[in-house]
Amino acid sequence: MFTVKSYFVTGTDTGVGKTAITAALAASLRRRGIDVGVMKPIASGVPQKTGFKSSDVTLLHEAAKVNDAEEMINPVFLPVPASPYDATKVLNLNIDMKMVLEKFHHLLNVHQMLLVEGIGGIMTPITRSFFVADMIKEMKLETIIVTRSTLGTLNHTMMTLGMCKEYGIAVKGMIINYFDEKGSLAERNAPSTLHEITGLPILGIIPFVKDYQKLDAMTSIVEKNIDLNLFIS
Ligand SMILES: Nc1ncnc2c1ncn2[C@@H]1O[C@H](COP(=O)(O)OP(=O)(O)OP(=O)(O)O)[C@@H](O)[C@H]1O
Ligand SMILES: [Mg+2]
């Protein structure tokens with residue numbers, strides 16, 4: 001029998017690859033026979049015409065092959081492409097965090113393992129004074145940081161890790177996305193420098209995937225570049 005833990009996947013920024021990597025990890029772990037659930041507690045953006053309102057949720061759901069309802073996987077969808085706080089201001093509503101956390105605990109109980117994708121980065125505001133970092137704390141989950149390898153990533157990653165420290169959030173390690181082995185010196189050095197400075201594990205280095213559109217392509221890349229045994233014991 002496997003022993004697995006649940007994780008919160010955050011990133012140094014929006015668009016860094018949280019969904020792509022969380023979905024591929026979920027699909028890979030599923031292939032290993034693990035009942036992995038997925039959650040995107042809060043999503044914002046233009047509602048999609050096919051699948052779920054959030055394209056992130058559609059991909060996560062497809063990858064994990066779960067039967068959970070949209071309102072469980074994504075209890076809050078805000079149809080404004082902005083931070084949750086900004087979206088709620090426009091929509092004139094409040095996010096019910098108690099309800100979000102109840103759904104989170106339900107999914108945590110019904111699955112062997114849960115992968116929760118954040119929104120934006122760690123200090124994205126959900127309310128004026130409640131940030132993604134606060135949500136991670138309330139969920140009491142260890143965090144995986146998805147980061148880029150391009151110039152500027154040392155600064156963004158160190159700031160993200162600094163906030164994790166300040167909030168007392170445990171970090172399992174970093175996944176470096178969009179890596180180009182033929183990239184600049186800064187880019188090629190990013191993984192080793194990040195590990196050297198932070199002492200944290202680099203859980204995987206994911207190259208830019210040309211045929212990303214297909215979940216299977218990303219899943220194969222993730223399986224090749226991330227040791228799944230890091231998540232299973
Ligand atoms: N390794 C990769 N190679 C090629 N394309 C990628 C890769 N990783 C992610 N992408 C693409 O980059 C875009 C952003 O990725 P993704 O949606 O996973 O980011 P995110 O961090 O989840 O963003 P958000 O903050 O909106 O949730 C997507 O269109 C995805 O298809
Ligand atoms: Mg996403």
# chains A, B, ... in the order shown; residues from 1 in each chain; ligands from 1
>>> residues_around(residues="A:Val110", least_positions_apart="2", cutoff="12 Å", atoms="only C-alpha atoms", output="PDB file with all heavy atoms, in the first residue's frame")
ATOM      1  N   ASP A  35      -5.454   7.063  -6.017  1.00  0.00           N
ATOM      2  CA  ASP A  35      -6.704   7.826  -6.171  1.00  0.00           C
ATOM      3  C   ASP A  35      -6.398   9.277  -5.802  1.00  0.00           C
ATOM      4  O   ASP A  35      -6.443   9.668  -4.641  1.00  0.00           O
ATOM      5  CB  ASP A  35      -7.785   7.238  -5.255  1.00  0.00           C
ATOM      6  CG  ASP A  35      -9.008   8.138  -5.182  1.00  0.00           C
ATOM      7  OD1 ASP A  35      -9.155   9.034  -6.036  1.00  0.00           O
ATOM      8  OD2 ASP A  35      -9.815   7.947  -4.244  1.00  0.00           O
ATOM      9  N   VAL A  36      -6.058  10.053  -6.824  1.00  0.00           N
ATOM     10  CA  VAL A  36      -5.686  11.447  -6.577  1.00  0.00           C
ATOM     11  C   VAL A  36      -6.840  12.373  -6.988  1.00  0.00           C
ATOM     12  O   VAL A  36      -7.371  12.266  -8.092  1.00  0.00           O
ATOM     13  CB  VAL A  36      -4.340  11.808  -7.275  1.00  0.00           C
ATOM     14  CG1 VAL A  36      -4.308  11.401  -8.703  1.00  0.00           C
ATOM     15  CG2 VAL A  36      -4.015  13.279  -7.145  1.00  0.00           C
ATOM     16  N   GLY A  37      -7.218  13.220  -6.042  1.00  0.00           N
ATOM     17  CA  GLY A  37      -8.244  14.224  -6.322  1.00  0.00           C
ATOM     18  C   GLY A  37      -7.572  15.540  -6.679  1.00  0.00           C
ATOM     19  O   GLY A  37      -6.364  15.732  -6.447  1.00  0.00           O
ATOM     20  N   VAL A  38      -8.318  16.423  -7.289  1.00  0.00           N
ATOM     21  CA  VAL A  38      -7.777  17.733  -7.662  1.00  0.00           C
ATOM     22  C   VAL A  38      -8.737  18.821  -7.204  1.00  0.00           C
ATOM     23  O   VAL A  38      -9.943  18.593  -7.088  1.00  0.00           O
ATOM     24  CB  VAL A  38      -7.573  17.855  -9.194  1.00  0.00           C
ATOM     25  CG1 VAL A  38      -6.346  17.097  -9.655  1.00  0.00           C
ATOM     26  CG2 VAL A  38      -8.806  17.399  -9.956  1.00  0.00           C
ATOM     27  N   VAL A  66     -11.644  12.188 -12.030  1.00  0.00           N
ATOM     28  CA  VAL A  66     -12.465  12.083 -10.817  1.00  0.00           C
ATOM     29  C   VAL A  66     -13.944  12.279 -11.176  1.00  0.00           C
ATOM     30  O   VAL A  66     -14.264  12.827 -12.231  1.00  0.00           O
ATOM     31  CB  VAL A  66     -12.051  13.144  -9.762  1.00  0.00           C
ATOM     32  CG1 VAL A  66     -10.757  12.761  -9.085  1.00  0.00           C
ATOM     33  CG2 VAL A  66     -11.939  14.538 -10.376  1.00  0.00           C
ATOM     34  N   ASN A  67     -14.789  11.834 -10.263  1.00  0.00           N
ATOM     35  CA  ASN A  67     -16.227  12.021 -10.471  1.00  0.00           C
ATOM     36  C   ASN A  67     -16.767  13.211  -9.688  1.00  0.00           C
ATOM     37  O   ASN A  67     -17.974  13.401  -9.622  1.00  0.00           O
ATOM     38  CB  ASN A  67     -16.989  10.762 -10.031  1.00  0.00           C
ATOM     39  CG  ASN A  67     -16.782   9.633 -11.026  1.00  0.00           C
ATOM     40  OD1 ASN A  67     -16.756   9.875 -12.234  1.00  0.00           O
ATOM     41  ND2 ASN A  67     -16.597   8.433 -10.518  1.00  0.00           N
ATOM     42  N   ASP A  68     -15.898  13.970  -9.063  1.00  0.00           N
ATOM     43  CA  ASP A  68     -16.366  15.074  -8.223  1.00  0.00           C
ATOM     44  C   ASP A  68     -17.022  16.167  -9.061  1.00  0.00           C
ATOM     45  O   ASP A  68     -16.582  16.469 -10.174  1.00  0.00           O
ATOM     46  CB  ASP A  68     -15.183  15.665  -7.438  1.00  0.00           C
ATOM     47  CG  ASP A  68     -14.452  14.597  -6.647  1.00  0.00           C
ATOM     48  OD1 ASP A  68     -15.117  13.830  -5.944  1.00  0.00           O
ATOM     49  OD2 ASP A  68     -13.215  14.514  -6.780  1.00  0.00           O
ATOM     50  N   MET A  72     -17.409  21.102  -6.238  1.00  0.00           N
ATOM     51  CA  MET A  72     -16.463  20.568  -5.251  1.00  0.00           C
ATOM     52  C   MET A  72     -15.034  20.908  -5.679  1.00  0.00           C
ATOM     53  O   MET A  72     -14.220  21.347  -4.873  1.00  0.00           O
ATOM     54  CB  MET A  72     -16.567  19.038  -5.156  1.00  0.00           C
ATOM     55  CG  MET A  72     -17.874  18.514  -4.653  1.00  0.00           C
ATOM     56  SD  MET A  72     -18.329  19.137  -3.027  1.00  0.00           S
ATOM     57  CE  MET A  72     -16.972  18.597  -2.030  1.00  0.00           C
ATOM     58  N   LYS A 103     -15.371  22.199   1.521  1.00  0.00           N
ATOM     59  CA  LYS A 103     -15.276  21.381   0.294  1.00  0.00           C
ATOM     60  C   LYS A 103     -13.868  20.773   0.201  1.00  0.00           C
ATOM     61  O   LYS A 103     -13.707  19.620  -0.201  1.00  0.00           O
ATOM     62  CB  LYS A 103     -15.590  22.239  -0.937  1.00  0.00           C
ATOM     63  CG  LYS A 103     -17.002  22.826  -0.823  1.00  0.00           C
ATOM     64  CD  LYS A 103     -17.804  22.717  -2.086  1.00  0.00           C
ATOM     65  CE  LYS A 103     -19.284  22.698  -1.751  1.00  0.00           C
ATOM     66  NZ  LYS A 103     -20.071  23.732  -2.374  1.00  0.00           N
ATOM     67  N   PHE A 104     -12.883  21.574   0.577  1.00  0.00           N
ATOM     68  CA  PHE A 104     -11.502  21.071   0.600  1.00  0.00           C
ATOM     69  C   PHE A 104     -11.399  19.850   1.527  1.00  0.00           C
ATOM     70  O   PHE A 104     -10.845  18.809   1.139  1.00  0.00           O
ATOM     71  CB  PHE A 104     -10.549  22.188   1.054  1.00  0.00           C
ATOM     72  CG  PHE A 104      -9.231  21.698   1.564  1.00  0.00           C
ATOM     73  CD1 PHE A 104      -8.272  21.184   0.692  1.00  0.00           C
ATOM     74  CD2 PHE A 104      -8.931  21.718   2.922  1.00  0.00           C
ATOM     75  CE1 PHE A 104      -7.046  20.712   1.156  1.00  0.00           C
ATOM     76  CE2 PHE A 104      -7.716  21.255   3.394  1.00  0.00           C
ATOM     77  CZ  PHE A 104      -6.774  20.749   2.512  1.00  0.00           C
ATOM     78  N   HIS A 105     -11.952  19.963   2.735  1.00  0.00           N
ATOM     79  CA  HIS A 105     -11.854  18.840   3.690  1.00  0.00           C
ATOM     80  C   HIS A 105     -12.614  17.619   3.182  1.00  0.00           C
ATOM     81  O   HIS A 105     -12.180  16.486   3.387  1.00  0.00           O
ATOM     82  CB  HIS A 105     -12.326  19.271   5.083  1.00  0.00           C
ATOM     83  CG  HIS A 105     -11.308  20.139   5.766  1.00  0.00           C
ATOM     84  ND1 HIS A 105     -10.074  19.667   6.149  1.00  0.00           N
ATOM     85  CD2 HIS A 105     -11.314  21.447   6.077  1.00  0.00           C
ATOM     86  CE1 HIS A 105      -9.363  20.649   6.683  1.00  0.00           C
ATOM     87  NE2 HIS A 105     -10.090  21.751   6.651  1.00  0.00           N
ATOM     88  N   HIS A 106     -13.702  17.847   2.490  1.00  0.00           N
ATOM     89  CA  HIS A 106     -14.455  16.727   1.926  1.00  0.00           C
ATOM     90  C   HIS A 106     -13.574  15.980   0.912  1.00  0.00           C
ATOM     91  O   HIS A 106     -13.419  14.766   0.982  1.00  0.00           O
ATOM     92  CB  HIS A 106     -15.746  17.229   1.266  1.00  0.00           C
ATOM     93  CG  HIS A 106     -16.456  16.146   0.523  1.00  0.00           C
ATOM     94  ND1 HIS A 106     -17.259  15.212   1.150  1.00  0.00           N
ATOM     95  CD2 HIS A 106     -16.440  15.803  -0.796  1.00  0.00           C
ATOM     96  CE1 HIS A 106     -17.715  14.354   0.246  1.00  0.00           C
ATOM     97  NE2 HIS A 106     -17.232  14.692  -0.944  1.00  0.00           N
ATOM     98  N   LEU A 107     -12.992  16.732  -0.027  1.00  0.00           N
ATOM     99  CA  LEU A 107     -12.156  16.092  -1.061  1.00  0.00           C
ATOM    100  C   LEU A 107     -10.940  15.398  -0.444  1.00  0.00           C
ATOM    101  O   LEU A 107     -10.524  14.330  -0.882  1.00  0.00           O
ATOM    102  CB  LEU A 107     -11.709  17.121  -2.114  1.00  0.00           C
ATOM    103  CG  LEU A 107     -12.792  17.636  -3.055  1.00  0.00           C
ATOM    104  CD1 LEU A 107     -12.208  18.627  -4.055  1.00  0.00           C
ATOM    105  CD2 LEU A 107     -13.483  16.492  -3.803  1.00  0.00           C
ATOM    106  N   LEU A 108     -10.405  16.030   0.594  1.00  0.00           N
ATOM    107  CA  LEU A 108      -9.247  15.446   1.290  1.00  0.00           C
ATOM    108  C   LEU A 108      -9.629  14.084   1.888  1.00  0.00           C
ATOM    109  O   LEU A 108      -8.834  13.147   1.883  1.00  0.00           O
ATOM    110  CB  LEU A 108      -8.829  16.416   2.405  1.00  0.00           C
ATOM    111  CG  LEU A 108      -7.427  16.341   2.973  1.00  0.00           C
ATOM    112  CD1 LEU A 108      -6.380  16.589   1.896  1.00  0.00           C
ATOM    113  CD2 LEU A 108      -7.264  17.378   4.093  1.00  0.00           C
ATOM    114  N   GLN A 112      -7.329   9.502  -1.762  1.00  0.00           N
ATOM    115  CA  GLN A 112      -6.084   9.081  -1.106  1.00  0.00           C
ATOM    116  C   GLN A 112      -5.131  10.267  -0.997  1.00  0.00           C
ATOM    117  O   GLN A 112      -4.348  10.388  -0.070  1.00  0.00           O
ATOM    118  CB  GLN A 112      -5.440   8.040  -2.024  1.00  0.00           C
ATOM    119  CG  GLN A 112      -5.082   6.752  -1.389  1.00  0.00           C
ATOM    120  CD  GLN A 112      -4.492   5.809  -2.439  1.00  0.00           C
ATOM    121  OE1 GLN A 112      -4.871   5.821  -3.610  1.00  0.00           O
ATOM    122  NE2 GLN A 112      -3.554   5.005  -2.011  1.00  0.00           N
ATOM    123  N   MET A 113      -5.190  11.114  -2.008  1.00  0.00           N
ATOM    124  CA  MET A 113      -4.253  12.229  -2.124  1.00  0.00           C
ATOM    125  C   MET A 113      -4.977  13.359  -2.852  1.00  0.00           C
ATOM    126  O   MET A 113      -5.797  13.093  -3.729  1.00  0.00           O
ATOM    127  CB  MET A 113      -3.070  11.757  -2.963  1.00  0.00           C
ATOM    128  CG  MET A 113      -2.067  12.800  -3.327  1.00  0.00           C
ATOM    129  SD  MET A 113      -0.792  12.024  -4.368  1.00  0.00           S
ATOM    130  CE  MET A 113       0.383  13.361  -4.403  1.00  0.00           C
ATOM    131  N   LEU A 114      -4.659  14.593  -2.473  1.00  0.00           N
ATOM    132  CA  LEU A 114      -5.306  15.728  -3.135  1.00  0.00           C
ATOM    133  C   LEU A 114      -4.233  16.716  -3.602  1.00  0.00           C
ATOM    134  O   LEU A 114      -3.304  17.026  -2.848  1.00  0.00           O
ATOM    135  CB  LEU A 114      -6.268  16.402  -2.144  1.00  0.00           C
ATOM    136  CG  LEU A 114      -7.168  17.515  -2.683  1.00  0.00           C
ATOM    137  CD1 LEU A 114      -8.141  16.977  -3.736  1.00  0.00           C
ATOM    138  CD2 LEU A 114      -7.968  18.160  -1.534  1.00  0.00           C
TER     139      LEU A 114
END
>>> closest_atom_pairs(of="chain A", to="ligand 1", cutoff="7 Å", atoms="only C-alpha atoms and all ligand atoms", output="CSV")
residue,atom,partner,partner_atom_place_in_ligand_line,distance
A:Gly11,CA,ligand 1,21 (O),6.4
A:Asp13,CA,ligand 1,25 (O),6.5
A:Thr14,CA,ligand 1,25 (O),3.3
A:Gly15,CA,ligand 1,23 (O),3.4
A:Val16,CA,ligand 1,21 (O),4.0
A:Gly17,CA,ligand 1,18 (O),3.2
A:Lys18,CA,ligand 1,22 (O),3.7
A:Thr19,CA,ligand 1,18 (O),3.7
A:Ala20,CA,ligand 1,18 (O),3.7
A:Ile21,CA,ligand 1,18 (O),6.4
A:Asp56,CA,ligand 1,27 (O),6.6
A:Ile119,CA,ligand 1,25 (O),5.4
A:Gly120,CA,ligand 1,25 (O),4.2
A:Asn177,CA,ligand 1,1 (N),5.4
A:Tyr178,CA,ligand 1,1 (N),4.6
A:Ile206,CA,ligand 1,1 (N),5.7
A:Pro207,CA,ligand 1,1 (N),5.2
A:Phe208,CA,ligand 1,3 (N),3.5
A:Val209,CA,ligand 1,3 (N),3.6
A:Lys210,CA,ligand 1,4 (C),5.7
A:Tyr212,CA,ligand 1,4 (C),5.2
A:Gln213,CA,ligand 1,31 (O),6.2
>>> closest_residue(among="A:His156, A:Phe231, A:Lys182, A:Ile144", to="A:Ile202", atoms="only C-alpha atoms")
A:Ile144
>>> select_by_dssp(residues="chain A", states="helix (DSSP H, G or I)", output="count of residues only")
101
>>> select_by_dssp(residues="stretch 5-223 of chain A", states="strand (DSSP E or B)", output="PyMOL selection string")
chain A and resi 7-11+36-39+42-44+76-78+113-117+125+131+142-148+171-179+202-207
>>> residues_around(residues="A:Asp216", least_positions_apart="6", cutoff="9 Å", atoms="only C-alpha atoms", output="VMD selection string")
chain A and resid 24 27 63
>>> atom_distance(atom1="atom CA of A:Thr124", atom2="atom CA of A:Leu200")
23.1 Å
>>> residues_around(residues="stretch 192-199 of chain A", least_positions_apart="6", cutoff="9 Å", atoms="only C-alpha atoms", output="list in words")
Thr153, Leu154, Thr157, Met158, Leu161 and Met174 of chain A
>>> write_last_selection(atoms="N, CA, C and O atoms", output="JSON list (two decimals), in the first residue's frame")
[["chain", "number", "residue", "atom", "x", "y", "z"],
["A", 153, "THR", "N", 14.07, 34.75, -12.38],
["A", 153, "THR", "CA", 13.45, 33.71, -11.55],
["A", 153, "THR", "C", 14.07, 33.61, -10.16],
["A", 153, "THR", "O", 13.40, 33.23, -9.20],
["A", 154, "LEU", "N", 15.35, 33.95, -10.03],
["A", 154, "LEU", "CA", 15.98, 33.85, -8.70],
["A", 154, "LEU", "C", 15.25, 34.79, -7.75],
["A", 154, "LEU", "O", 14.87, 34.40, -6.64],
["A", 157, "THR", "N", 11.58, 33.59, -7.14],
["A", 157, "THR", "CA", 11.50, 32.35, -6.34],
["A", 157, "THR", "C", 11.90, 32.64, -4.90],
["A", 157, "THR", "O", 11.25, 32.17, -3.96],
["A", 158, "MET", "N", 12.96, 33.43, -4.72],
["A", 158, "MET", "CA", 13.40, 33.75, -3.35],
["A", 158, "MET", "C", 12.32, 34.53, -2.60],
["A", 158, "MET", "O", 12.11, 34.32, -1.40],
["A", 161, "LEU", "N", 9.62, 32.06, -1.60],
["A", 161, "LEU", "CA", 10.07, 31.23, -0.48],
["A", 161, "LEU", "C", 10.14, 32.05, 0.81],
["A", 161, "LEU", "O", 9.86, 31.54, 1.90],
["A", 174, "MET", "N", 10.85, 22.68, -5.42],
["A", 174, "MET", "CA", 10.49, 23.50, -6.58],
["A", 174, "MET", "C", 10.45, 22.65, -7.85],
["A", 174, "MET", "O", 11.22, 21.70, -7.97]]
>>> closest_residue(among="A:Ile136, A:Ala69, A:Leu93, A:Met39", to="ligand 2", atoms="only C-alpha atoms and all ligand atoms")
A:Met39
>>> atom_distance(atom1="atom CA of A:Ile232", atom2="atom CA of A:Met218")
20.1 Å
